[in-house]
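Asker: Hey, dropping final32.pdb in here, PDB, C-alpha atoms, pLDDT in the B column:
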MODEL        1
ATOM      1  CA  MET R   1       2.879  -9.250   9.892  1.00 53.00           C
ATOM      2  CA  SER R   2       2.609  -5.553   9.141  1.00 63.00           C
ATOM      3  CA  ASP R   3      -0.237  -3.441  10.497  1.00 69.00           C
ATOM      4  CA  ASP R   4      -1.433  -2.867   6.923  1.00 67.00           C
ATOM      5  CA  ARG R   5      -1.721  -6.563   6.227  1.00 68.00           C
ATOM      6  CA  LYS R   6      -3.443  -7.146   9.577  1.00 73.00           C
ATOM      7  CA  TYR R   7      -5.966  -4.464   8.659  1.00 70.00           C
ATOM      8  CA  PHE R   8      -6.801  -6.084   5.318  1.00 66.00           C
ATOM      9  CA  LYS R   9      -6.943  -9.548   6.876  1.00 67.00           C
ATOM     10  CA  LYS R  10      -9.416  -8.211   9.443  1.00 67.00           C
ATOM     11  CA  LEU R  11     -11.374  -6.469   6.706  1.00 64.00           C
ATOM     12  CA  TYR R  12     -11.450  -9.727   4.756  1.00 60.00           C
ATOM     13  CA  LYS R  13     -12.856 -11.629   7.736  1.00 61.00           C
ATOM     14  CA  VAL R  14     -15.540  -9.000   8.277  1.00 54.00           C
ATOM     15  CA  SER R  15     -16.474  -8.930   4.601  1.00 54.00           C
ATOM     16  CA  TYR R  16     -16.401 -12.704   4.075  1.00 54.00           C
ATOM     17  CA  ASN R  17     -20.169 -12.866   3.576  1.00 57.00           C
ATOM     18  CA  LEU R  18     -20.153  -9.752   1.404  1.00 59.00           C
ATOM     19  CA  PRO R  19     -19.244  -9.674  -2.301  1.00 68.00           C
ATOM     20  CA  PRO R  20     -15.641 -10.803  -2.846  1.00 76.00           C
ATOM     21  CA  VAL R  21     -12.603  -8.588  -2.594  1.00 84.00           C
ATOM     22  CA  TYR R  22     -11.026  -8.054  -6.022  1.00 90.00           C
ATOM     23  CA  CYS R  23      -7.353  -7.736  -6.909  1.00 91.00           C
ATOM     24  CA  TYR R  24      -6.715  -4.209  -8.135  1.00 90.00           C
ATOM     25  CA  ILE R  25      -4.211  -5.497 -10.713  1.00 91.00           C
ATOM     26  CA  CYS R  26      -5.901  -8.513 -12.368  1.00 92.00           C
ATOM     27  CA  HIS R  27      -9.441  -7.688 -11.174  1.00 92.00           C
ATOM     28  CA  LYS R  28     -10.124 -11.315 -10.226  1.00 93.00           C
ATOM     29  CA  PRO R  29     -11.921 -12.111  -6.957  1.00 91.00           C
ATOM     30  CA  ILE R  30      -9.697 -13.085  -4.053  1.00 88.00           C
ATOM     31  CA  THR R  31     -11.543 -16.084  -2.671  1.00 83.00           C
ATOM     32  CA  LYS R  32      -9.019 -17.394  -0.137  1.00 82.00           C
ATOM     33  CA  GLN R  33      -7.783 -15.387   2.808  1.00 77.00           C
ATOM     34  CA  ASN R  34      -4.229 -16.673   2.299  1.00 81.00           C
ATOM     35  CA  ASP R  35      -4.223 -15.209  -1.217  1.00 86.00           C
ATOM     36  CA  LEU R  36      -5.000 -11.701   0.026  1.00 85.00           C
ATOM     37  CA  THR R  37      -2.051  -9.332   0.212  1.00 86.00           C
ATOM     38  CA  VAL R  38      -1.693  -5.574   0.441  1.00 84.00           C
ATOM     39  CA  ASP R  39       0.054  -3.667  -2.301  1.00 85.00           C
ATOM     40  CA  HIS R  40       1.445  -0.174  -2.003  1.00 81.00           C
ATOM     41  CA  GLU R  41       1.134   2.186  -4.947  1.00 81.00           C
ATOM     42  CA  PRO R  42       3.658   3.668  -5.355  1.00 75.00           C
ATOM     43  CA  PRO R  43       5.856   0.886  -3.955  1.00 75.00           C
ATOM     44  CA  ARG R  44       7.104   1.291  -0.384  1.00 73.00           C
ATOM     45  CA  SER R  45      10.691   1.520  -1.601  1.00 75.00           C
ATOM     46  CA  ARG R  46       9.830   4.701  -3.557  1.00 72.00           C
ATOM     47  CA  GLN R  47       7.790   6.543  -0.949  1.00 68.00           C
ATOM     48  CA  LYS R  48       8.917   9.341   1.279  1.00 65.00           C
ATOM     49  CA  GLU R  49       5.945   8.950   3.609  1.00 65.00           C
ATOM     50  CA  LEU R  50       4.012   5.781   4.296  1.00 61.00           C
ATOM     51  CA  GLY R  51       0.309   5.811   5.024  1.00 63.00           C
ATOM     52  CA  PRO R  52      -2.906   3.877   4.496  1.00 65.00           C
ATOM     53  CA  SER R  53      -4.072   6.055   1.592  1.00 68.00           C
ATOM     54  CA  ASN R  54      -1.988   4.138  -0.937  1.00 77.00           C
ATOM     55  CA  LEU R  55      -2.923   0.559   0.026  1.00 82.00           C
ATOM     56  CA  TYR R  56      -4.794  -1.739  -2.318  1.00 86.00           C
ATOM     57  CA  PRO R  57      -6.009  -5.335  -2.000  1.00 88.00           C
ATOM     58  CA  CYS R  58      -4.002  -7.578  -4.258  1.00 90.00           C
ATOM     59  CA  CYS R  59      -3.775 -11.309  -4.900  1.00 91.00           C
ATOM     60  CA  LYS R  60      -0.529 -12.923  -3.839  1.00 93.00           C
ATOM     61  CA  ALA R  61       0.487 -13.888  -7.395  1.00 93.00           C
ATOM     62  CA  CYS R  62       0.126 -10.353  -8.795  1.00 92.00           C
ATOM     63  CA  ASN R  63       1.855  -8.790  -5.810  1.00 91.00           C
ATOM     64  CA  GLN R  64       4.848 -11.118  -6.122  1.00 92.00           C
ATOM     65  CA  ARG R  65       5.187 -10.549  -9.883  1.00 91.00           C
ATOM     66  CA  LYS R  66       4.822  -6.769  -9.552  1.00 91.00           C
ATOM     67  CA  GLY R  67       7.522  -6.537  -6.889  1.00 88.00           C
ATOM     68  CA  SER R  68       8.861  -2.990  -6.542  1.00 87.00           C
ATOM     69  CA  LEU R  69       7.522  -1.767  -9.884  1.00 89.00           C
ATOM     70  CA  THR R  70       4.826   0.883 -10.096  1.00 87.00           C
ATOM     71  CA  LEU R  71       1.525  -0.248 -11.570  1.00 88.00           C
ATOM     72  CA  GLU R  72       2.326   1.518 -14.862  1.00 90.00           C
ATOM     73  CA  GLU R  73       5.791  -0.091 -15.052  1.00 91.00           C
ATOM     74  CA  TYR R  74       4.266  -3.485 -14.296  1.00 91.00           C
ATOM     75  CA  LYS R  75       1.705  -3.114 -17.101  1.00 90.00           C
ATOM     76  CA  GLN R  76       4.488  -2.177 -19.540  1.00 92.00           C
ATOM     77  CA  TRP R  77       6.515  -5.180 -18.377  1.00 91.00           C
ATOM     78  CA  LEU R  78       3.511  -7.484 -18.981  1.00 89.00           C
ATOM     79  CA  VAL R  79       3.155  -6.205 -22.556  1.00 90.00           C
ATOM     80  CA  LEU R  80       6.860  -6.860 -23.201  1.00 90.00           C
ATOM     81  CA  GLU R  81       6.598 -10.360 -21.702  1.00 87.00           C
ATOM     82  CA  GLN R  82       3.608 -11.175 -23.911  1.00 85.00           C
ATOM     83  CA  LYS R  83       5.521  -9.995 -26.981  1.00 87.00           C
ATOM     84  CA  ARG R  84       8.562 -12.067 -26.006  1.00 86.00           C
ATOM     85  CA  ASN R  85       6.379 -15.130 -25.564  1.00 81.00           C
ATOM     86  CA  GLY R  86       4.589 -14.587 -28.886  1.00 78.00           C
ATOM     87  CA  LEU R  87       1.236 -13.949 -27.256  1.00 64.00           C
ATOM     88  CA  GLN R  88       0.808 -10.496 -28.726  1.00 56.00           C
ATOM     89  CA  LYS R  89       1.790  -8.925 -32.038  1.00 52.00           C
TER      90      LYS R  89
ENDMDL
END
Please re-express this file's structure in structure tokens.
Answerer:
Amino acid sequence: MSDDRKYFKKLYKVSYNLPPVYCYICHKPITKQNDLTVDHEPPRSRQKELGPSNLYPCCKACNQRKGSLTLEEYKQWLVLEQKRNGLQK
């Protein structure tokens, strides 16, 4: 487990009795510790330097779907998927 993920897991344990942690992509509360992941923005694969300043709490589902896309690319991809599935005109 990466140091970043360990940090957020520890933060989650400390803040368990505080208001919930929210996914920065879907904005839903992350209610289970196993659903908490850490997302890098921009993605790790596109960074020259890694550091804690670009880490965001993210639910596992959003993080897996987003993959190595930037947040802006991911939002554009979601719009295209909704159009393909007839959910948006």
Asker: Selected by the PyMOL selection byres ((chain R and resi 56) around 7) in the shown coordinates: which residues, as a VMD selection string?
Answerer: chain R and resid 24 38 to 40 54 to 55 57 to 58
Asker: Find, counting all atoms listed in the file, the residue in R:Arg65, R:Arg46, R:Lys60, R:Lys6 that gets nearest to R:Trp77.
Answerer: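 Closest candidate: R:Arg65.
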Asker: Nearest to R:Leu69 among R:Gln82, R:Ser45, R:Thr37, R:Thr31, with distances taken over only C-alpha atoms: which residue is it?
Answerer: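 Answer, going by the shortest atom-to-atom distance: R:Ser45.
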Asker: As an exercise, work out the distance from atom CA of R:Pro20 to atom CA of R:Lys32 in Å and give it to one decimal place.
Answerer: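 Value for the atom CA of R:Pro20-atom CA of R:Lys32 distance: 9.7 Å.
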Asker: What do you get, as a ChimeraX atom specification, if you spell out every residue that the PyMOL selection byres ((chain R and resi 78) around 12) selects here?
Answerer: /R:25-26,62,65-66,69,71-77,79-85,87-88
